[in-house]
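Structure first, then comments.
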Amino acid sequence: WDGDGQNDNASLTIFRHNDSASVVKGFVGQQPKTAWLIDYSLLERIHYLLVAGFDVYGNVGHQLETRMYMDFLRMEGEQNFLFLLPRQERKQLRDFWYRNASDHVKRYVLADATAFDRETDIDYQPDTPPKRQLLDMLAQHAYGAEAKRYRVDSAALARLHKVSSPAFSFMPQVAFVSVFDDHGNDAIYSLLHNNAFSNNAQIFGEEKRRIPVEDTLTVASGFIGSYPNLFFHLHEKELPAFSDAILSLESEADYAQLVSRYGVRRTAPWFWKVSDKLHDQNITRFSREAALFDLNRYENR
């Protein structure tokens, strides 16, 4: 569905912040590592599993069975997406998605019994990975995908968006950056930590599958997230040094220095002043969806 040229619900980005989530209109941030193609049959089964047939107060067995069956639905959606790529790329990308997973698990995606040997009719260029080309095509097709509202006009912050680095593993899930200038103007940015994993094929042992070197940081203008973990407050002239400090993080001690220099700990005397200012800016600029930020998960590292 392309939004019929006017409905910007056709393109949405869902950010998962470990214990909360945010949904914004448009394609915001880096392209996802994995992708699904959901047809009607798959959508129907997901609906009956997670909505119509889901018992919020169900026992542990119900919760586990739901999670396990959702794994199979996810794999089916991933397989549907892989069929859109050139035949020689499919298993290679599947193996990348399921690094360190057992062959038994991989066989549920592109198994011999479900192999689809027909070559795709999509015309891909040889100089760019097919998955990236396909997602770019989808972004051009769906109305509102450009997400102009979240574009970043700061070159210093935008470069954080373009790389993956183990330095980002020390960053909180959601941080708001308040940047002021000599004229009293403020610009607000959101820094969202994207955690990388070797695969998503198991329920437990998540930390064993972490790959910090592949972590990324999404930078967006405005506010994304209802549970900020940290506020940064700095002058626009400090942005290059701020970005350099983030990219050079190597330990919790380095992160503590970053927060001491640019952050606002919850023990800081000016914490509520900054918090109130951000709340006011959110309500003033984005009154349609604005509400109070929940500070229960605010960190004090």
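Letters A, B, ... go to the chains of the structure tokens in the order shown; residues in each chain start at 1; ligands are counted from 1 in the same order.
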Apply DSSP to the structure's backbone, then extract all residues of range 63-199 of chain A labelled alpha helix (DSSP H) and return them as a ChimeraX atom specification.
-> /A:63-82,87-97,103-106,130-141,155-158
Polymer residues at most 9 Å from Phe15 in chain A, only C-alpha atoms, same-chain spacing of 3 or more positions, as a compact mmCIF listing (two decimals) with C-alpha atoms, in the first residue's frame:
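Result file is selection34.txt:
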```txt
# COMPACT_ATOMS: atom_id res chain seq x y z
CA SER A 20 9.44 0.72 25.62
CA ALA A 21 8.76 1.60 21.99
CA SER A 22 8.02 4.59 19.76
CA VAL A 23 6.16 4.83 16.45
CA VAL A 24 6.79 7.74 14.08
CA LEU A 192 18.46 6.51 19.77
CA ASN A 194 20.29 0.60 18.13
CA ILE A 224 11.31 10.44 19.65
CA GLY A 225 10.56 8.46 22.79
```
Separation of CA of Leu82 in chain A from CA of His161 in chain A, in Å and rounded to one decimal =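 CA of His161 in chain A lies at a distance of 26.3 Å from CA of Leu82 in chain A.
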Residues near range 83-96 of chain A, cut-off 9 Å, only C-alpha atoms, skip fewer than 4 positions along chain, as a PDB file with all heavy atoms, in the first residue's frame:
```
ATOM      1  N   THR A  34      17.173  -6.619   9.083  1.00  0.00           N
ATOM      2  CA  THR A  34      16.310  -7.645   8.522  1.00  0.00           C
ATOM      3  C   THR A  34      15.020  -6.999   8.034  1.00  0.00           C
ATOM      4  O   THR A  34      14.718  -5.852   8.370  1.00  0.00           O
ATOM      5  CB  THR A  34      15.968  -8.724   9.553  1.00  0.00           C
ATOM      6  OG1 THR A  34      15.207  -8.130  10.618  1.00  0.00           O
ATOM      7  CG2 THR A  34      17.222  -9.332  10.147  1.00  0.00           C
ATOM      8  N   GLU A  78      10.381 -13.161   6.692  1.00  0.00           N
ATOM      9  CA  GLU A  78      11.741 -12.944   6.200  1.00  0.00           C
ATOM     10  C   GLU A  78      11.973 -13.707   4.901  1.00  0.00           C
ATOM     11  O   GLU A  78      12.601 -13.196   3.965  1.00  0.00           O
ATOM     12  CB  GLU A  78      12.745 -13.393   7.267  1.00  0.00           C
ATOM     13  CG  GLU A  78      12.768 -12.503   8.498  1.00  0.00           C
ATOM     14  CD  GLU A  78      13.596 -13.085   9.624  1.00  0.00           C
ATOM     15  OE1 GLU A  78      13.884 -14.308   9.599  1.00  0.00           O
ATOM     16  OE2 GLU A  78      13.966 -12.334  10.543  1.00  0.00           O
ATOM     17  N   GLN A  79      11.467 -14.935   4.841  1.00  0.00           N
ATOM     18  CA  GLN A  79      11.619 -15.724   3.624  1.00  0.00           C
ATOM     19  C   GLN A  79      10.906 -15.065   2.448  1.00  0.00           C
ATOM     20  O   GLN A  79      11.440 -15.012   1.334  1.00  0.00           O
ATOM     21  CB  GLN A  79      11.078 -17.136   3.856  1.00  0.00           C
ATOM     22  CG  GLN A  79      11.167 -18.041   2.648  1.00  0.00           C
ATOM     23  CD  GLN A  79      10.802 -19.469   2.982  1.00  0.00           C
ATOM     24  OE1 GLN A  79      11.658 -20.308   3.236  1.00  0.00           O
ATOM     25  NE2 GLN A  79       9.501 -19.753   3.007  1.00  0.00           N
ATOM     26  N   ASN A 100      25.626 -17.650  13.926  1.00  0.00           N
ATOM     27  CA  ASN A 100      25.760 -18.443  15.154  1.00  0.00           C
ATOM     28  C   ASN A 100      24.485 -19.193  15.524  1.00  0.00           C
ATOM     29  O   ASN A 100      24.419 -19.797  16.598  1.00  0.00           O
ATOM     30  CB  ASN A 100      26.193 -17.564  16.334  1.00  0.00           C
ATOM     31  CG  ASN A 100      27.519 -16.873  16.082  1.00  0.00           C
ATOM     32  OD1 ASN A 100      28.401 -17.427  15.426  1.00  0.00           O
ATOM     33  ND2 ASN A 100      27.669 -15.655  16.592  1.00  0.00           N
ATOM     34  N   ALA A 101      23.478 -19.146  14.678  1.00  0.00           N
ATOM     35  CA  ALA A 101      22.285 -19.958  14.914  1.00  0.00           C
ATOM     36  C   ALA A 101      22.524 -21.360  14.344  1.00  0.00           C
ATOM     37  O   ALA A 101      23.330 -21.553  13.427  1.00  0.00           O
ATOM     38  CB  ALA A 101      21.065 -19.330  14.262  1.00  0.00           C
ATOM     39  N   LYS A 106      18.091 -22.387  10.760  1.00  0.00           N
ATOM     40  CA  LYS A 106      18.199 -21.795   9.427  1.00  0.00           C
ATOM     41  C   LYS A 106      17.307 -22.495   8.412  1.00  0.00           C
ATOM     42  O   LYS A 106      16.838 -21.879   7.456  1.00  0.00           O
ATOM     43  CB  LYS A 106      19.655 -21.836   8.949  1.00  0.00           C
ATOM     44  CG  LYS A 106      20.592 -20.938   9.730  1.00  0.00           C
ATOM     45  CD  LYS A 106      22.019 -21.053   9.191  1.00  0.00           C
ATOM     46  CE  LYS A 106      22.981 -20.221   9.989  1.00  0.00           C
ATOM     47  NZ  LYS A 106      24.371 -20.334   9.491  1.00  0.00           N
ATOM     48  N   VAL A 109      14.077 -21.084   7.241  1.00  0.00           N
ATOM     49  CA  VAL A 109      14.099 -19.985   6.270  1.00  0.00           C
ATOM     50  C   VAL A 109      14.872 -20.481   5.051  1.00  0.00           C
ATOM     51  O   VAL A 109      16.047 -20.824   5.147  1.00  0.00           O
ATOM     52  CB  VAL A 109      14.784 -18.728   6.841  1.00  0.00           C
ATOM     53  CG1 VAL A 109      14.711 -17.584   5.839  1.00  0.00           C
ATOM     54  CG2 VAL A 109      14.152 -18.326   8.162  1.00  0.00           C
ATOM     55  N   LEU A 110      14.219 -20.528   3.923  1.00  0.00           N
ATOM     56  CA  LEU A 110      14.821 -21.026   2.683  1.00  0.00           C
ATOM     57  C   LEU A 110      15.212 -22.499   2.800  1.00  0.00           C
ATOM     58  O   LEU A 110      16.292 -22.900   2.358  1.00  0.00           O
ATOM     59  CB  LEU A 110      16.043 -20.191   2.290  1.00  0.00           C
ATOM     60  CG  LEU A 110      15.792 -18.719   1.964  1.00  0.00           C
ATOM     61  CD1 LEU A 110      17.096 -18.035   1.581  1.00  0.00           C
ATOM     62  CD2 LEU A 110      14.783 -18.572   0.839  1.00  0.00           C
ATOM     63  N   PHE A 116      12.455 -21.507  -3.523  1.00  0.00           N
ATOM     64  CA  PHE A 116      11.782 -20.876  -4.660  1.00  0.00           C
ATOM     65  C   PHE A 116      12.877 -20.491  -5.643  1.00  0.00           C
ATOM     66  O   PHE A 116      13.558 -19.489  -5.475  1.00  0.00           O
ATOM     67  CB  PHE A 116      11.012 -19.645  -4.172  1.00  0.00           C
ATOM     68  CG  PHE A 116      10.143 -19.016  -5.229  1.00  0.00           C
ATOM     69  CD1 PHE A 116       9.077 -19.699  -5.790  1.00  0.00           C
ATOM     70  CD2 PHE A 116      10.378 -17.714  -5.656  1.00  0.00           C
ATOM     71  CE1 PHE A 116       8.274 -19.121  -6.746  1.00  0.00           C
ATOM     72  CE2 PHE A 116       9.582 -17.115  -6.612  1.00  0.00           C
ATOM     73  CZ  PHE A 116       8.524 -17.817  -7.157  1.00  0.00           C
ATOM     74  N   ASP A 117      13.058 -21.305  -6.664  1.00  0.00           N
ATOM     75  CA  ASP A 117      14.227 -21.160  -7.527  1.00  0.00           C
ATOM     76  C   ASP A 117      14.066 -20.107  -8.612  1.00  0.00           C
ATOM     77  O   ASP A 117      15.010 -19.801  -9.320  1.00  0.00           O
ATOM     78  CB  ASP A 117      14.558 -22.511  -8.185  1.00  0.00           C
ATOM     79  CG  ASP A 117      15.036 -23.534  -7.163  1.00  0.00           C
ATOM     80  OD1 ASP A 117      15.622 -23.100  -6.158  1.00  0.00           O
ATOM     81  OD2 ASP A 117      14.814 -24.727  -7.373  1.00  0.00           O
ATOM     82  N   ARG A 118      12.870 -19.572  -8.753  1.00  0.00           N
ATOM     83  CA  ARG A 118      12.684 -18.572  -9.798  1.00  0.00           C
ATOM     84  C   ARG A 118      13.477 -17.315  -9.481  1.00  0.00           C
ATOM     85  O   ARG A 118      13.514 -16.843  -8.352  1.00  0.00           O
ATOM     86  CB  ARG A 118      11.206 -18.237  -9.939  1.00  0.00           C
ATOM     87  CG  ARG A 118      10.964 -17.097 -10.922  1.00  0.00           C
ATOM     88  CD  ARG A 118       9.514 -16.846 -11.194  1.00  0.00           C
ATOM     89  NE  ARG A 118       9.337 -15.615 -11.938  1.00  0.00           N
ATOM     90  CZ  ARG A 118       8.198 -15.213 -12.462  1.00  0.00           C
ATOM     91  NH1 ARG A 118       7.122 -15.956 -12.336  1.00  0.00           N
ATOM     92  NH2 ARG A 118       8.122 -14.075 -13.126  1.00  0.00           N
ATOM     93  N   GLU A 119      14.089 -16.751 -10.487  1.00  0.00           N
ATOM     94  CA  GLU A 119      14.823 -15.500 -10.334  1.00  0.00           C
ATOM     95  C   GLU A 119      13.841 -14.343 -10.214  1.00  0.00           C
ATOM     96  O   GLU A 119      12.766 -14.355 -10.805  1.00  0.00           O
ATOM     97  CB  GLU A 119      15.760 -15.284 -11.538  1.00  0.00           C
ATOM     98  CG  GLU A 119      16.683 -14.080 -11.413  1.00  0.00           C
ATOM     99  CD  GLU A 119      17.585 -14.161 -10.198  1.00  0.00           C
ATOM    100  OE1 GLU A 119      18.657 -14.773 -10.292  1.00  0.00           O
ATOM    101  OE2 GLU A 119      17.184 -13.597  -9.155  1.00  0.00           O
ATOM    102  N   THR A 120      14.218 -13.345  -9.426  1.00  0.00           N
ATOM    103  CA  THR A 120      13.359 -12.182  -9.252  1.00  0.00           C
ATOM    104  C   THR A 120      13.259 -11.376 -10.550  1.00  0.00           C
ATOM    105  O   THR A 120      14.194 -11.369 -11.366  1.00  0.00           O
ATOM    106  CB  THR A 120      13.882 -11.279  -8.125  1.00  0.00           C
ATOM    107  OG1 THR A 120      13.055 -10.129  -8.010  1.00  0.00           O
ATOM    108  CG2 THR A 120      15.316 -10.824  -8.406  1.00  0.00           C
ATOM    109  N   ASP A 121      12.127 -10.713 -10.746  1.00  0.00           N
ATOM    110  CA  ASP A 121      11.948  -9.853 -11.917  1.00  0.00           C
ATOM    111  C   ASP A 121      12.385  -8.411 -11.657  1.00  0.00           C
ATOM    112  O   ASP A 121      12.300  -7.566 -12.543  1.00  0.00           O
ATOM    113  CB  ASP A 121      10.474  -9.847 -12.351  1.00  0.00           C
ATOM    114  CG  ASP A 121      10.068 -11.170 -12.988  1.00  0.00           C
ATOM    115  OD1 ASP A 121      10.962 -11.856 -13.527  1.00  0.00           O
ATOM    116  OD2 ASP A 121       8.879 -11.516 -12.942  1.00  0.00           O
ATOM    117  N   ILE A 122      12.824  -8.134 -10.436  1.00  0.00           N
ATOM    118  CA  ILE A 122      13.288  -6.780 -10.118  1.00  0.00           C
ATOM    119  C   ILE A 122      14.666  -6.572 -10.713  1.00  0.00           C
ATOM    120  O   ILE A 122      15.549  -7.423 -10.608  1.00  0.00           O
ATOM    121  CB  ILE A 122      13.327  -6.566  -8.595  1.00  0.00           C
ATOM    122  CG1 ILE A 122      11.926  -6.746  -8.003  1.00  0.00           C
ATOM    123  CG2 ILE A 122      13.868  -5.179  -8.245  1.00  0.00           C
ATOM    124  CD1 ILE A 122      11.887  -6.661  -6.491  1.00  0.00           C
ATOM    125  N   TYR A 124      18.036  -5.163 -10.546  1.00  0.00           N
ATOM    126  CA  TYR A 124      18.991  -4.602  -9.585  1.00  0.00           C
ATOM    127  C   TYR A 124      20.268  -4.158 -10.291  1.00  0.00           C
ATOM    128  O   TYR A 124      20.708  -4.783 -11.254  1.00  0.00           O
ATOM    129  CB  TYR A 124      19.351  -5.632  -8.516  1.00  0.00           C
ATOM    130  CG  TYR A 124      18.216  -5.953  -7.571  1.00  0.00           C
ATOM    131  CD1 TYR A 124      17.455  -7.112  -7.731  1.00  0.00           C
ATOM    132  CD2 TYR A 124      17.915  -5.108  -6.512  1.00  0.00           C
ATOM    133  CE1 TYR A 124      16.422  -7.416  -6.851  1.00  0.00           C
ATOM    134  CE2 TYR A 124      16.881  -5.404  -5.634  1.00  0.00           C
ATOM    135  CZ  TYR A 124      16.140  -6.548  -5.813  1.00  0.00           C
ATOM    136  OH  TYR A 124      15.114  -6.843  -4.948  1.00  0.00           O
ATOM    137  N   PRO A 130      21.633  -5.585  -3.107  1.00  0.00           N
ATOM    138  CA  PRO A 130      20.222  -5.646  -3.520  1.00  0.00           C
ATOM    139  C   PRO A 130      19.240  -5.267  -2.418  1.00  0.00           C
ATOM    140  O   PRO A 130      18.240  -4.605  -2.671  1.00  0.00           O
ATOM    141  CB  PRO A 130      20.046  -7.097  -3.965  1.00  0.00           C
ATOM    142  CG  PRO A 130      21.409  -7.537  -4.377  1.00  0.00           C
ATOM    143  CD  PRO A 130      22.350  -6.826  -3.440  1.00  0.00           C
ATOM    144  N   LYS A 131      19.527  -5.697  -1.182  1.00  0.00           N
ATOM    145  CA  LYS A 131      18.597  -5.370  -0.098  1.00  0.00           C
ATOM    146  C   LYS A 131      18.473  -3.861   0.070  1.00  0.00           C
ATOM    147  O   LYS A 131      17.380  -3.326   0.261  1.00  0.00           O
ATOM    148  CB  LYS A 131      19.061  -6.003   1.216  1.00  0.00           C
ATOM    149  CG  LYS A 131      18.020  -5.906   2.328  1.00  0.00           C
ATOM    150  CD  LYS A 131      18.604  -6.132   3.704  1.00  0.00           C
ATOM    151  CE  LYS A 131      19.241  -4.861   4.227  1.00  0.00           C
ATOM    152  NZ  LYS A 131      19.591  -4.919   5.658  1.00  0.00           N
ATOM    153  N   LEU A 134      16.375  -2.457  -2.740  1.00  0.00           N
ATOM    154  CA  LEU A 134      14.952  -2.754  -2.607  1.00  0.00           C
ATOM    155  C   LEU A 134      14.305  -1.852  -1.560  1.00  0.00           C
ATOM    156  O   LEU A 134      13.207  -1.315  -1.781  1.00  0.00           O
ATOM    157  CB  LEU A 134      14.766  -4.224  -2.240  1.00  0.00           C
ATOM    158  CG  LEU A 134      13.323  -4.703  -2.064  1.00  0.00           C
ATOM    159  CD1 LEU A 134      12.493  -4.397  -3.296  1.00  0.00           C
ATOM    160  CD2 LEU A 134      13.298  -6.195  -1.752  1.00  0.00           C
ATOM    161  N   SER A 198      23.747 -10.969  16.825  1.00  0.00           N
ATOM    162  CA  SER A 198      24.119 -11.909  15.763  1.00  0.00           C
ATOM    163  C   SER A 198      22.887 -12.562  15.163  1.00  0.00           C
ATOM    164  O   SER A 198      22.859 -12.878  13.975  1.00  0.00           O
ATOM    165  CB  SER A 198      25.065 -12.977  16.308  1.00  0.00           C
ATOM    166  OG  SER A 198      24.439 -13.702  17.369  1.00  0.00           O
ATOM    167  N   ASN A 199      21.852 -12.766  15.983  1.00  0.00           N
ATOM    168  CA  ASN A 199      20.601 -13.325  15.484  1.00  0.00           C
ATOM    169  C   ASN A 199      19.512 -13.077  16.513  1.00  0.00           C
ATOM    170  O   ASN A 199      19.787 -12.661  17.648  1.00  0.00           O
ATOM    171  CB  ASN A 199      20.744 -14.826  15.184  1.00  0.00           C
ATOM    172  CG  ASN A 199      20.948 -15.658  16.428  1.00  0.00           C
ATOM    173  OD1 ASN A 199      20.033 -15.879  17.213  1.00  0.00           O
ATOM    174  ND2 ASN A 199      22.176 -16.132  16.629  1.00  0.00           N
TER     175      ASN A 199
END
```
Which is closer to Thr13 in chain A than all the others in A:Pro126, A:Pro172, A:Gly144, A:Gly77, using only C-alpha atoms?
-> A:Gly144
Nearby residues (only C-alpha atoms) at most 7 Å from range 283-293 of chain A, same-chain spacing under 2 positions excluded, as a compact mmCIF listing (two decimals) with N, CA, C and O atoms, in the first residue's frame:
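Below is the file that was written, around21.txt:
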```
# COMPACT_ATOMS: atom_id res chain seq x y z
N SER A 226 9.19 8.37 24.75
CA SER A 226 8.44 8.90 25.89
C SER A 226 9.16 8.66 27.22
O SER A 226 8.74 9.19 28.24
N TYR A 227 10.21 7.84 27.18
CA TYR A 227 10.96 7.51 28.40
C TYR A 227 12.43 7.88 28.22
O TYR A 227 13.28 7.01 28.06
N HIS A 279 9.91 19.82 28.18
CA HIS A 279 8.47 19.57 28.18
C HIS A 279 7.72 20.69 27.48
O HIS A 279 6.82 20.45 26.66
N ASP A 280 8.07 21.93 27.79
CA ASP A 280 7.39 23.08 27.18
C ASP A 280 7.61 23.11 25.68
O ASP A 280 6.69 23.40 24.91
N GLN A 281 8.84 22.82 25.25
CA GLN A 281 9.13 22.82 23.81
C GLN A 281 8.37 21.71 23.10
O GLN A 281 7.89 21.90 21.97
N LEU A 295 9.89 10.06 33.41
CA LEU A 295 11.29 10.10 33.83
C LEU A 295 11.66 8.95 34.76
O LEU A 295 12.73 8.97 35.39
```
Among range 30-184 of chain A, which residues carry a DSSP assignment of strand (DSSP E or B), reported as a list of chain:residue names?
->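 The strand (DSSP E or B) residues within range 30-184 of chain A come out as A:Ser164, A:Val174, A:Ala175, A:Phe176, A:Val177, A:Ser178, A:Val179, A:Phe180.
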In Å, rounded to a single decimal, give me how far CA of Gly26 in chain A is from CA of Leu12 in chain A.
->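 One can read the CA of Leu12 in chain A to CA of Gly26 in chain A distance as 4.9 Å.
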Who sits within 9 Å of Pro228 in chain A, only C-alpha atoms, same chain under 6 positions skipped, as an mmCIF file with N, CA, C and O atoms, in the first residue's frame:
```cif
data_model
loop_
_atom_site.group_PDB
_atom_site.id
_atom_site.type_symbol
_atom_site.label_atom_id
_atom_site.label_comp_id
_atom_site.auth_asym_id
_atom_site.auth_seq_id
_atom_site.Cartn_x
_atom_site.Cartn_y
_atom_site.Cartn_z
ATOM 1 N N PRO A 172 22.875 5.531 26.193
ATOM 2 C CA PRO A 172 21.548 5.094 26.654
ATOM 3 C C PRO A 172 20.631 4.825 25.467
ATOM 4 O O PRO A 172 20.931 5.197 24.331
ATOM 5 N N GLN A 173 19.505 4.185 25.732
ATOM 6 C CA GLN A 173 18.564 3.865 24.668
ATOM 7 C C GLN A 173 17.961 5.123 24.052
ATOM 8 O O GLN A 173 17.836 5.224 22.830
ATOM 9 N N VAL A 174 17.571 6.077 24.871
ATOM 10 C CA VAL A 174 16.934 7.306 24.387
ATOM 11 C C VAL A 174 17.547 8.497 25.096
ATOM 12 O O VAL A 174 17.546 8.556 26.335
ATOM 13 N N ALA A 175 18.079 9.440 24.340
ATOM 14 C CA ALA A 175 18.630 10.665 24.909
ATOM 15 C C ALA A 175 18.130 11.856 24.099
ATOM 16 O O ALA A 175 18.032 11.783 22.871
ATOM 17 N N PHE A 176 17.797 12.918 24.775
ATOM 18 C CA PHE A 176 17.400 14.164 24.123
ATOM 19 C C PHE A 176 18.548 15.162 24.246
ATOM 20 O O PHE A 176 19.143 15.310 25.321
ATOM 21 N N PHE A 293 6.839 13.677 29.550
ATOM 22 C CA PHE A 293 7.814 12.599 29.450
ATOM 23 C C PHE A 293 7.844 11.839 30.774
ATOM 24 O O PHE A 293 7.764 12.421 31.844
ATOM 25 N N ASP A 294 7.955 10.517 30.681
ATOM 26 C CA ASP A 294 8.052 9.679 31.872
ATOM 27 C C ASP A 294 9.527 9.556 32.244
ATOM 28 O O ASP A 294 10.328 9.015 31.489
ATOM 29 N N LEU A 295 9.886 10.057 33.412
ATOM 30 C CA LEU A 295 11.288 10.097 33.829
ATOM 31 C C LEU A 295 11.661 8.950 34.764
ATOM 32 O O LEU A 295 12.725 8.971 35.387
ATOM 33 N N ASN A 296 10.801 7.943 34.875
ATOM 34 C CA ASN A 296 11.090 6.819 35.767
ATOM 35 C C ASN A 296 12.312 6.032 35.338
ATOM 36 O O ASN A 296 12.920 5.335 36.154
ATOM 37 N N ARG A 297 12.677 6.112 34.055
ATOM 38 C CA ARG A 297 13.819 5.350 33.562
ATOM 39 C C ARG A 297 15.019 6.251 33.279
ATOM 40 O O ARG A 297 15.947 5.863 32.559
ATOM 41 N N TYR A 298 14.988 7.443 33.841
ATOM 42 C CA TYR A 298 16.110 8.367 33.669
ATOM 43 C C TYR A 298 17.322 7.841 34.426
ATOM 44 O O TYR A 298 17.242 7.485 35.606
ATOM 45 N N GLU A 299 18.463 7.795 33.765
ATOM 46 C CA GLU A 299 19.677 7.226 34.348
ATOM 47 C C GLU A 299 20.469 8.260 35.136
ATOM 48 O O GLU A 299 20.270 9.466 34.973
#
```
Figure out the distance between CA of Leu43 in chain A and CA of Arg107 in chain A, please, to one decimal in Å.
-> 22.1 Å
Nearest to Ser164 in chain A by atom-to-atom distance, counting only C-alpha atoms, from A:Pro269, A:Gly3, A:Pro212, A:Gly205 | A:Pro212
Using only C-alpha atoms, which of the listed residues (A:Asp215, A:Asp136, A:Asp55, A:Glu238) sits closest to Phe180 in chain A?
->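 Under the stated criterion, the closest residue is A:Glu238.
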Between A:Arg301, A:Val177, A:Leu64, A:Ile203, which is the closest to Ala253 in chain A once you count only C-alpha atoms?
->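 The shortest atom-to-atom distance to Ala253 in chain A comes from A:Arg301.
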